[in-house]
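Here is the file upload.pdb (PDB, C-alpha atoms, pLDDT in the B column).
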ATOM      1  CA  SER I   1     126.534 102.375 105.510  1.00 45.00           C
ATOM      2  CA  MET I   2     128.387 100.304 102.898  1.00 47.00           C
ATOM      3  CA  LEU I   3     131.546 100.228 104.991  1.00 44.00           C
ATOM      4  CA  SER I   4     129.701  99.026 108.075  1.00 49.00           C
ATOM      5  CA  THR I   5     128.117  96.289 105.987  1.00 51.00           C
ATOM      6  CA  TYR I   6     131.311  95.378 104.139  1.00 48.00           C
ATOM      7  CA  ARG I   7     133.377  95.321 107.325  1.00 47.00           C
ATOM      8  CA  PRO I   8     131.200  93.580 109.893  1.00 48.00           C
ATOM      9  CA  PRO I   9     132.429  93.542 113.498  1.00 51.00           C
ATOM     10  CA  GLU I  10     134.968  90.912 114.530  1.00 50.00           C
ATOM     11  CA  GLY I  11     133.468  87.825 116.126  1.00 52.00           C
ATOM     12  CA  ASN I  12     130.407  87.971 113.874  1.00 74.00           C
ATOM     13  CA  ARG I  13     127.876  85.355 114.933  1.00 90.00           C
ATOM     14  CA  ASP I  14     126.825  82.258 113.016  1.00 95.00           C
ATOM     15  CA  LEU I  15     123.816  82.310 110.712  1.00 96.00           C
ATOM     16  CA  LEU I  16     120.558  81.148 112.324  1.00 96.00           C
ATOM     17  CA  PRO I  17     117.430  79.974 110.473  1.00 96.00           C
ATOM     18  CA  ALA I  18     115.565  83.027 111.852  1.00 95.00           C
ATOM     19  CA  ASP I  19     118.098  85.342 110.171  1.00 95.00           C
ATOM     20  CA  LEU I  20     116.821  84.164 106.801  1.00 96.00           C
ATOM     21  CA  GLU I  21     113.160  84.040 107.847  1.00 95.00           C
ATOM     22  CA  ASP I  22     113.376  87.733 108.780  1.00 93.00           C
ATOM     23  CA  LEU I  23     114.161  88.542 105.143  1.00 95.00           C
ATOM     24  CA  LYS I  24     110.509  87.915 104.249  1.00 94.00           C
ATOM     25  CA  ALA I  25     109.441  90.824 106.462  1.00 93.00           C
ATOM     26  CA  LEU I  26     112.138  93.062 104.983  1.00 94.00           C
ATOM     27  CA  ILE I  27     111.298  92.278 101.351  1.00 95.00           C
ATOM     28  CA  ASN I  28     107.486  92.138 101.670  1.00 95.00           C
ATOM     29  CA  PRO I  29     106.834  95.902 101.252  1.00 95.00           C
ATOM     30  CA  LYS I  30     108.754  95.893  97.950  1.00 94.00           C
ATOM     31  CA  ILE I  31     107.009  92.668  96.851  1.00 96.00           C
ATOM     32  CA  ARG I  32     103.591  94.210  97.541  1.00 96.00           C
ATOM     33  CA  ALA I  33     104.480  97.520  95.880  1.00 95.00           C
ATOM     34  CA  LYS I  34     105.632  95.739  92.701  1.00 93.00           C
ATOM     35  CA  ARG I  35     102.669  93.308  92.869  1.00 96.00           C
ATOM     36  CA  VAL I  36     104.809  90.228  92.406  1.00 96.00           C
ATOM     37  CA  ARG I  37     104.670  86.864  94.152  1.00 96.00           C
ATOM     38  CA  LEU I  38     107.334  85.623  96.544  1.00 97.00           C
ATOM     39  CA  SER I  39     108.123  81.925  96.829  1.00 97.00           C
ATOM     40  CA  PHE I  40     110.307  81.554  99.925  1.00 97.00           C
ATOM     41  CA  ARG I  41     111.843  78.245 101.024  1.00 97.00           C
ATOM     42  CA  ASN I  42     114.234  78.208 103.960  1.00 97.00           C
ATOM     43  CA  ALA I  43     115.396  74.648 104.679  1.00 97.00           C
ATOM     44  CA  LEU I  44     118.075  75.778 107.139  1.00 96.00           C
ATOM     45  CA  SER I  45     117.103  74.180 110.441  1.00 95.00           C
ATOM     46  CA  GLU I  46     120.220  74.708 112.533  1.00 95.00           C
ATOM     47  CA  PRO I  47     122.956  77.337 112.952  1.00 96.00           C
ATOM     48  CA  PHE I  48     125.492  77.474 110.125  1.00 97.00           C
ATOM     49  CA  ALA I  49     129.087  78.589 110.693  1.00 96.00           C
ATOM     50  CA  THR I  50     129.307  81.702 108.522  1.00 96.00           C
ATOM     51  CA  SER I  51     128.763  85.421 108.965  1.00 95.00           C
ATOM     52  CA  ALA I  52     125.058  86.035 109.608  1.00 95.00           C
ATOM     53  CA  ASP I  53     125.439  89.717 108.679  1.00 94.00           C
ATOM     54  CA  ALA I  54     127.143  88.973 105.358  1.00 95.00           C
ATOM     55  CA  VAL I  55     124.651  86.276 104.318  1.00 96.00           C
ATOM     56  CA  ARG I  56     121.647  88.425 105.234  1.00 95.00           C
ATOM     57  CA  GLN I  57     123.034  91.353 103.208  1.00 94.00           C
ATOM     58  CA  ILE I  58     123.819  89.100 100.227  1.00 96.00           C
ATOM     59  CA  ALA I  59     120.330  87.581 100.235  1.00 97.00           C
ATOM     60  CA  LEU I  60     118.552  90.899 100.816  1.00 95.00           C
ATOM     61  CA  ASN I  61     120.411  92.683  97.992  1.00 94.00           C
ATOM     62  CA  LEU I  62     119.726  89.820  95.579  1.00 95.00           C
ATOM     63  CA  LEU I  63     116.051  89.689  96.585  1.00 96.00           C
ATOM     64  CA  LEU I  64     115.683  93.456  96.113  1.00 93.00           C
ATOM     65  CA  ASN I  65     117.325  93.288  92.678  1.00 91.00           C
ATOM     66  CA  ALA I  66     115.183  90.295  91.676  1.00 94.00           C
ATOM     67  CA  THR I  67     112.025  92.099  92.791  1.00 94.00           C
ATOM     68  CA  GLU I  68     113.011  95.194  90.830  1.00 92.00           C
ATOM     69  CA  ALA I  69     113.654  93.120  87.700  1.00 91.00           C
ATOM     70  CA  THR I  70     110.436  91.093  87.911  1.00 93.00           C
ATOM     71  CA  PRO I  71     107.409  92.424  86.037  1.00 93.00           C
ATOM     72  CA  THR I  72     104.025  92.837  87.731  1.00 94.00           C
ATOM     73  CA  ASP I  73     102.367  89.465  88.345  1.00 92.00           C
ATOM     74  CA  GLY I  74     105.753  87.747  88.035  1.00 94.00           C
ATOM     75  CA  GLU I  75     107.474  85.701  90.703  1.00 96.00           C
ATOM     76  CA  VAL I  76     110.614  85.986  92.799  1.00 96.00           C
ATOM     77  CA  ARG I  77     111.904  82.737  94.270  1.00 97.00           C
ATOM     78  CA  PHE I  78     114.269  82.261  97.229  1.00 98.00           C
ATOM     79  CA  GLU I  79     115.747  79.035  98.512  1.00 98.00           C
ATOM     80  CA  ALA I  80     118.245  78.346 101.298  1.00 98.00           C
ATOM     81  CA  ARG I  81     119.482  74.840 102.041  1.00 98.00           C
ATOM     82  CA  LEU I  82     122.526  72.888 103.156  1.00 97.00           C
ATOM     83  CA  ASP I  83     124.333  70.609 100.745  1.00 96.00           C
ATOM     84  CA  GLY I  84     127.603  68.819 101.423  1.00 91.00           C
ATOM     85  CA  GLY I  85     128.600  71.107 104.282  1.00 93.00           C
ATOM     86  CA  CYS I  86     127.832  74.251 102.285  1.00 97.00           C
ATOM     87  CA  LEU I  87     125.017  76.754 102.473  1.00 98.00           C
ATOM     88  CA  ILE I  88     123.276  77.157  99.125  1.00 98.00           C
ATOM     89  CA  LEU I  89     121.315  80.354  98.475  1.00 98.00           C
ATOM     90  CA  ARG I  90     119.304  80.605  95.270  1.00 98.00           C
ATOM     91  CA  VAL I  91     117.427  83.684  94.083  1.00 97.00           C
ATOM     92  CA  ALA I  92     115.450  83.554  90.839  1.00 96.00           C
ATOM     93  CA  ASP I  93     113.238  86.057  89.048  1.00 95.00           C
ATOM     94  CA  ASP I  94     111.012  86.370  85.988  1.00 93.00           C
ATOM     95  CA  GLY I  95     112.761  89.508  84.737  1.00 91.00           C
ATOM     96  CA  PRO I  96     114.382  90.264  81.383  1.00 90.00           C
ATOM     97  CA  GLY I  97     117.704  88.638  82.307  1.00 88.00           C
ATOM     98  CA  LEU I  98     120.744  90.112  84.032  1.00 86.00           C
ATOM     99  CA  PRO I  99     122.755  92.410  81.714  1.00 84.00           C
ATOM    100  CA  ASP I 100     126.331  91.359  80.907  1.00 83.00           C
ATOM    101  CA  ASP I 101     127.856  94.315  82.775  1.00 84.00           C
ATOM    102  CA  ALA I 102     125.905  93.373  85.912  1.00 85.00           C
ATOM    103  CA  ILE I 103     127.103  89.775  85.604  1.00 87.00           C
ATOM    104  CA  ARG I 104     130.700  91.008  85.369  1.00 86.00           C
ATOM    105  CA  VAL I 105     130.279  93.109  88.523  1.00 86.00           C
ATOM    106  CA  LEU I 106     128.647  90.259  90.464  1.00 88.00           C
ATOM    107  CA  THR I 107     131.356  87.785  89.455  1.00 88.00           C
ATOM    108  CA  GLY I 108     134.168  90.261  90.177  1.00 83.00           C
ATOM    109  CA  GLU I 109     135.175  90.635  86.532  1.00 80.00           C
ATOM    110  CA  GLY I 110     134.109  94.285  86.313  1.00 65.00           C
ATOM    111  CA  GLN I 111     133.768  97.471  88.315  1.00 65.00           C
ATOM    112  CA  PRO I 112     130.484  99.253  89.088  1.00 55.00           C
ATOM    113  CA  LYS I 113     129.722 102.486  87.293  1.00 57.00           C
ATOM    114  CA  SER I 114     129.040 105.125  89.939  1.00 48.00           C
ATOM    115  CA  GLN I 115     125.869 106.351  88.216  1.00 43.00           C
ATOM    116  CA  ARG I 116     124.282 102.908  88.566  1.00 47.00           C
ATOM    117  CA  SER I 117     123.499 102.283  92.224  1.00 43.00           C
ATOM    118  CA  ARG I 118     122.139  98.829  91.366  1.00 48.00           C
ATOM    119  CA  ARG I 119     125.556  97.792  90.076  1.00 55.00           C
ATOM    120  CA  LEU I 120     127.109  99.176  93.256  1.00 59.00           C
ATOM    121  CA  GLY I 121     124.803  96.871  95.235  1.00 79.00           C
ATOM    122  CA  LEU I 122     125.942  93.928  93.117  1.00 84.00           C
ATOM    123  CA  TRP I 123     129.570  94.925  93.691  1.00 84.00           C
ATOM    124  CA  LEU I 124     128.877  94.864  97.434  1.00 88.00           C
ATOM    125  CA  VAL I 125     127.286  91.405  97.083  1.00 92.00           C
ATOM    126  CA  HIS I 126     130.418  90.217  95.258  1.00 91.00           C
ATOM    127  CA  GLN I 127     132.640  91.574  98.050  1.00 92.00           C
ATOM    128  CA  LEU I 128     130.543  89.890 100.741  1.00 94.00           C
ATOM    129  CA  ILE I 129     130.537  86.572  98.858  1.00 95.00           C
ATOM    130  CA  ASP I 130     134.312  86.830  98.672  1.00 94.00           C
ATOM    131  CA  ASP I 131     134.483  87.593 102.415  1.00 93.00           C
ATOM    132  CA  VAL I 132     132.700  84.320 103.259  1.00 95.00           C
ATOM    133  CA  ASP I 133     134.765  82.341 100.689  1.00 95.00           C
ATOM    134  CA  GLY I 134     131.637  81.799  98.605  1.00 96.00           C
ATOM    135  CA  ARG I 135     131.127  81.142  94.913  1.00 96.00           C
ATOM    136  CA  VAL I 136     128.505  82.565  92.592  1.00 96.00           C
ATOM    137  CA  ALA I 137     126.871  80.897  89.590  1.00 95.00           C
ATOM    138  CA  ILE I 138     124.570  82.869  87.303  1.00 94.00           C
ATOM    139  CA  HIS I 139     122.124  81.472  84.779  1.00 94.00           C
ATOM    140  CA  THR I 140     120.323  84.153  82.803  1.00 88.00           C
ATOM    141  CA  ARG I 141     118.230  84.138  79.663  1.00 79.00           C
ATOM    142  CA  SER I 142     116.843  87.180  77.935  1.00 71.00           C
ATOM    143  CA  GLU I 143     113.104  87.494  78.645  1.00 71.00           C
ATOM    144  CA  ALA I 144     113.208  84.363  80.827  1.00 78.00           C
ATOM    145  CA  GLY I 145     114.728  85.592  84.068  1.00 90.00           C
ATOM    146  CA  THR I 146     117.840  85.005  86.097  1.00 94.00           C
ATOM    147  CA  ILE I 147     118.878  82.387  88.640  1.00 96.00           C
ATOM    148  CA  ILE I 148     121.734  83.298  90.974  1.00 96.00           C
ATOM    149  CA  THR I 149     123.176  80.538  93.130  1.00 97.00           C
ATOM    150  CA  ILE I 150     125.579  81.321  95.956  1.00 98.00           C
ATOM    151  CA  THR I 151     127.544  78.480  97.570  1.00 98.00           C
ATOM    152  CA  ILE I 152     129.102  79.270 100.961  1.00 98.00           C
ATOM    153  CA  PRO I 153     131.311  76.785 102.804  1.00 97.00           C
ATOM    154  CA  ALA I 154     131.173  76.555 106.588  1.00 96.00           C
ATOM    155  CA  ARG I 155     133.683  78.785 108.336  1.00 91.00           C
ATOM    156  CA  ALA I 156     136.659  76.844 109.699  1.00 84.00           C
ATOM    157  CA  PRO I 157     136.663  76.430 113.491  1.00 78.00           C
ATOM    158  CA  GLU I 158     138.750  79.022 115.363  1.00 68.00           C
ATOM    159  CA  GLY I 159     141.608  76.582 116.055  1.00 55.00           C
ATOM    160  CA  ASP I 160     141.931  75.689 112.325  1.00 55.00           C
ATOM    161  CA  LYS I 161     142.970  79.169 111.121  1.00 52.00           C
ATOM    162  CA  ASP I 162     146.537  79.535 109.848  1.00 50.00           C
TER     163      ASP I 162
END
Representation of the structure as structure tokens:
Amino acid sequence: SMLSTYRPPEGNRDLLPADLEDLKALINPKIRAKRVRLSFRNALSEPFATSADAVRQIALNLLLNATEATPTDGEVRFEARLDGGCLILRVADDGPGLPDDAIRVLTGEGQPKSQRSRRLGLWLVHQLIDDVDGRVAIHTRSEAGTIITITIPARAPEGDKD
């Protein structure tokens, strides 16, 4: 399953606004089970030249982790927008803050420990961000939650590859 996600098929299609909207349906059962609120803002209104599969997996993994970290009656926030030719994804939660080892895995500065499947999911997110030439910024405060911002540039047109 991880390999099929990490190595999407060649010719992967561009990201559509509906690809992000569908995430609400995928995350809603977990949101309801944890009894947290979801604030979801998708400002993408046109196709964006990047891997739809990779972006969906990045966003879904981050939303699942944020939901898991958020206490009952807390809030998970998602935002997708375009800025300067880049796709900006932001996932925020009201959890206890992302541990340092998880930050290192997500930023590519550490390796996941096999007994922690959550870290393995973050490692996968890091690999997918790398695949789409993205950057990750993490702002976390103990007892105040975490904000993860992913910046993904548009994929170069086919004729521009060297």
Within 12 Å of Thr140 of chain I using all atoms listed in the file, minus same-chain residues under 3 positions, as a list in words: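 Everything that qualifies: Ala66, Val91, Ala92, Asp93, Asp94, Gly95, Pro96, Gly97, Leu98, Pro99, Asp100, Ala102, Ile103, Ala137, Glu143, Ala144, Gly145, Thr146, Ile147, Ile148 and Thr149 of chain I.
When you apply the PyMOL selection byres ((chain I and resi 129-135) around 8) to this structure, what comes back is Thr50, Ser51, Ala54, Ile58, Val125, His126, Gln127, Leu128, Val136, Ala137, Ile150, Thr151, Ile152, Pro153 and Arg155 of chain I.
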Pick from I:Ser39, I:Ser45, I:Gln57, I:Asn28, whichever lies nearest to Glu75 of chain I using only C-alpha atoms: I:Ser39
For atom CA of Arg37 of chain I and atom CA of Arg141 of chain I, the interatomic separation in Å (one decimal):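 Separating atom CA of Arg37 of chain I from atom CA of Arg141 of chain I is a distance of 20.0 Å.
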Between atom CA of Leu87 of chain I and atom CA of Pro71 of chain I - distance in Å to one decimal: 28.7 Å
Residue nearest Arg13 of chain I - candidates I:Ile138, I:Val76, I:Ala49, I:Leu122, atoms counted: only C-alpha atoms: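 Counting only C-alpha atoms, the residue closest to Arg13 of chain I is I:Ala49.
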Which of I:Leu124, I:Leu23, I:Ala69, I:Ala80 sits closest to Arg41 of chain I [using all atoms listed in the file]: I:Ala80
Pick from I:Leu15, I:Ala156, I:Leu64, I:Ala59 nearest to Lys34 of chain I, counting only C-alpha atoms: I:Leu64
Selection under test: the PyMOL selection byres ((chain I and resi 32) around 12); residues as number ranges by chain: I: 24-31, 33-38, 67-68, 72-76
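Every protein or nucleic acid residue with an atom no more than 9 Å from Pro17 of chain I, counting only C-alpha atoms and leaving out same-chain residues fewer than 6 positions away, appears here: Asn42, Ala43, Leu44, Ser45, Glu46, Pro47 and Phe48 of chain I.
Between Val105 of chain I and the residues I:Arg81, I:Gly121, I:Arg56, I:Pro157, the shortest atom-to-atom distance, using only C-alpha atoms, involves I:Gly121.
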Atom-to-atom span, atom CA of Arg77 of chain I and atom CA of Ala52 of chain I, Å: 20.5 Å
Among the residues I:Glu109, I:Phe40, I:Trp123, I:Glu21, the one that comes closest to Arg90 of chain I [using only C-alpha atoms]: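 Between I:Glu109, I:Phe40, I:Trp123, I:Glu21, the residue approaching Arg90 of chain I most closely is I:Phe40.
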Please, can segment 13-24 of chain I be completed to all heavy atoms and returned as a PDB file, in the frame of the given file?
ATOM      1  N   ARG I  13     128.538  86.593 114.530  1.00 90.00           N
ATOM      2  CA  ARG I  13     127.876  85.355 114.933  1.00 90.00           C
ATOM      3  C   ARG I  13     127.476  84.492 113.740  1.00 90.00           C
ATOM      4  O   ARG I  13     127.366  84.983 112.616  1.00 90.00           O
ATOM      5  CB  ARG I  13     126.668  85.676 115.791  1.00 90.00           C
ATOM      6  CG  ARG I  13     125.578  86.394 115.053  1.00 90.00           C
ATOM      7  CD  ARG I  13     124.401  86.676 115.977  1.00 90.00           C
ATOM      8  NE  ARG I  13     123.397  87.414 115.269  1.00 90.00           N
ATOM      9  CZ  ARG I  13     122.556  86.885 114.379  1.00 90.00           C
ATOM     10  NH1 ARG I  13     122.608  85.611 114.096  1.00 90.00           N
ATOM     11  NH2 ARG I  13     121.667  87.620 113.766  1.00 90.00           N
ATOM     12  N   ASP I  14     127.248  83.216 114.036  1.00 95.00           N
ATOM     13  CA  ASP I  14     126.825  82.258 113.016  1.00 95.00           C
ATOM     14  C   ASP I  14     125.420  82.586 112.521  1.00 95.00           C
ATOM     15  O   ASP I  14     124.608  83.205 113.227  1.00 95.00           O
ATOM     16  CB  ASP I  14     126.836  80.838 113.581  1.00 95.00           C
ATOM     17  CG  ASP I  14     128.238  80.303 113.804  1.00 95.00           C
ATOM     18  OD1 ASP I  14     129.207  80.930 113.334  1.00 95.00           O
ATOM     19  OD2 ASP I  14     128.363  79.239 114.451  1.00 95.00           O
ATOM     20  N   LEU I  15     125.123  82.131 111.327  1.00 96.00           N
ATOM     21  CA  LEU I  15     123.816  82.310 110.712  1.00 96.00           C
ATOM     22  C   LEU I  15     122.801  81.374 111.369  1.00 96.00           C
ATOM     23  O   LEU I  15     123.060  80.179 111.524  1.00 96.00           O
ATOM     24  CB  LEU I  15     123.906  81.994 109.214  1.00 96.00           C
ATOM     25  CG  LEU I  15     122.629  82.136 108.405  1.00 96.00           C
ATOM     26  CD1 LEU I  15     122.248  83.610 108.266  1.00 96.00           C
ATOM     27  CD2 LEU I  15     122.807  81.492 107.035  1.00 96.00           C
ATOM     28  N   LEU I  16     121.660  81.925 111.743  1.00 96.00           N
ATOM     29  CA  LEU I  16     120.558  81.148 112.324  1.00 96.00           C
ATOM     30  C   LEU I  16     119.413  81.074 111.317  1.00 96.00           C
ATOM     31  O   LEU I  16     119.259  81.973 110.480  1.00 96.00           O
ATOM     32  CB  LEU I  16     120.051  81.808 113.603  1.00 96.00           C
ATOM     33  CG  LEU I  16     121.077  82.004 114.716  1.00 96.00           C
ATOM     34  CD1 LEU I  16     120.465  82.798 115.859  1.00 96.00           C
ATOM     35  CD2 LEU I  16     121.600  80.660 115.186  1.00 96.00           C
ATOM     36  N   PRO I  17     118.581  80.044 111.373  1.00 96.00           N
ATOM     37  CA  PRO I  17     117.430  79.974 110.473  1.00 96.00           C
ATOM     38  C   PRO I  17     116.563  81.240 110.523  1.00 96.00           C
ATOM     39  O   PRO I  17     116.083  81.719 109.492  1.00 96.00           O
ATOM     40  CB  PRO I  17     116.656  78.744 110.970  1.00 96.00           C
ATOM     41  CG  PRO I  17     117.707  77.880 111.597  1.00 96.00           C
ATOM     42  CD  PRO I  17     118.677  78.847 112.227  1.00 96.00           C
ATOM     43  N   ALA I  18     116.388  81.821 111.704  1.00 95.00           N
ATOM     44  CA  ALA I  18     115.565  83.027 111.852  1.00 95.00           C
ATOM     45  C   ALA I  18     116.146  84.221 111.103  1.00 95.00           C
ATOM     46  O   ALA I  18     115.405  85.116 110.680  1.00 95.00           O
ATOM     47  CB  ALA I  18     115.397  83.375 113.330  1.00 95.00           C
ATOM     48  N   ASP I  19     117.476  84.244 110.918  1.00 95.00           N
ATOM     49  CA  ASP I  19     118.098  85.342 110.171  1.00 95.00           C
ATOM     50  C   ASP I  19     117.595  85.383 108.734  1.00 95.00           C
ATOM     51  O   ASP I  19     117.452  86.456 108.150  1.00 95.00           O
ATOM     52  CB  ASP I  19     119.627  85.197 110.160  1.00 95.00           C
ATOM     53  CG  ASP I  19     120.244  85.406 111.531  1.00 95.00           C
ATOM     54  OD1 ASP I  19     119.787  86.302 112.258  1.00 95.00           O
ATOM     55  OD2 ASP I  19     121.189  84.666 111.863  1.00 95.00           O
ATOM     56  N   LEU I  20     117.342  84.219 108.167  1.00 96.00           N
ATOM     57  CA  LEU I  20     116.821  84.164 106.801  1.00 96.00           C
ATOM     58  C   LEU I  20     115.317  84.390 106.785  1.00 96.00           C
ATOM     59  O   LEU I  20     114.800  85.057 105.891  1.00 96.00           O
ATOM     60  CB  LEU I  20     117.184  82.829 106.153  1.00 96.00           C
ATOM     61  CG  LEU I  20     118.681  82.587 105.966  1.00 96.00           C
ATOM     62  CD1 LEU I  20     118.940  81.201 105.402  1.00 96.00           C
ATOM     63  CD2 LEU I  20     119.311  83.658 105.092  1.00 96.00           C
ATOM     64  N   GLU I  21     114.610  83.843 107.776  1.00 95.00           N
ATOM     65  CA  GLU I  21     113.160  84.040 107.847  1.00 95.00           C
ATOM     66  C   GLU I  21     112.805  85.527 107.926  1.00 95.00           C
ATOM     67  O   GLU I  21     111.819  85.963 107.361  1.00 95.00           O
ATOM     68  CB  GLU I  21     112.567  83.280 109.031  1.00 95.00           C
ATOM     69  CG  GLU I  21     112.521  81.789 108.858  1.00 95.00           C
ATOM     70  CD  GLU I  21     111.654  81.340 107.687  1.00 95.00           C
ATOM     71  OE1 GLU I  21     110.575  81.929 107.452  1.00 95.00           O
ATOM     72  OE2 GLU I  21     112.070  80.389 107.005  1.00 95.00           O
ATOM     73  N   ASP I  22     113.613  86.300 108.637  1.00 93.00           N
ATOM     74  CA  ASP I  22     113.376  87.733 108.780  1.00 93.00           C
ATOM     75  C   ASP I  22     113.408  88.470 107.443  1.00 93.00           C
ATOM     76  O   ASP I  22     112.832  89.550 107.308  1.00 93.00           O
ATOM     77  CB  ASP I  22     114.417  88.370 109.705  1.00 93.00           C
ATOM     78  CG  ASP I  22     114.215  87.988 111.159  1.00 93.00           C
ATOM     79  OD1 ASP I  22     113.159  87.442 111.497  1.00 93.00           O
ATOM     80  OD2 ASP I  22     115.147  88.245 111.947  1.00 93.00           O
ATOM     81  N   LEU I  23     114.079  87.891 106.452  1.00 95.00           N
ATOM     82  CA  LEU I  23     114.161  88.542 105.143  1.00 95.00           C
ATOM     83  C   LEU I  23     112.786  88.721 104.507  1.00 95.00           C
ATOM     84  O   LEU I  23     112.556  89.674 103.774  1.00 95.00           O
ATOM     85  CB  LEU I  23     115.076  87.752 104.209  1.00 95.00           C
ATOM     86  CG  LEU I  23     116.544  87.711 104.596  1.00 95.00           C
ATOM     87  CD1 LEU I  23     117.300  86.757 103.683  1.00 95.00           C
ATOM     88  CD2 LEU I  23     117.157  89.103 104.574  1.00 95.00           C
ATOM     89  N   LYS I  24     111.869  87.791 104.802  1.00 94.00           N
ATOM     90  CA  LYS I  24     110.509  87.915 104.249  1.00 94.00           C
ATOM     91  C   LYS I  24     109.872  89.229 104.687  1.00 94.00           C
ATOM     92  O   LYS I  24     109.260  89.926 103.872  1.00 94.00           O
ATOM     93  CB  LYS I  24     109.631  86.740 104.677  1.00 94.00           C
ATOM     94  CG  LYS I  24     109.967  85.460 103.970  1.00 94.00           C
ATOM     95  CD  LYS I  24     108.937  84.377 104.241  1.00 94.00           C
ATOM     96  CE  LYS I  24     109.141  83.791 105.603  1.00 94.00           C
ATOM     97  NZ  LYS I  24     108.321  82.603 105.868  1.00 94.00           N
TER      98      LYS I  24
END
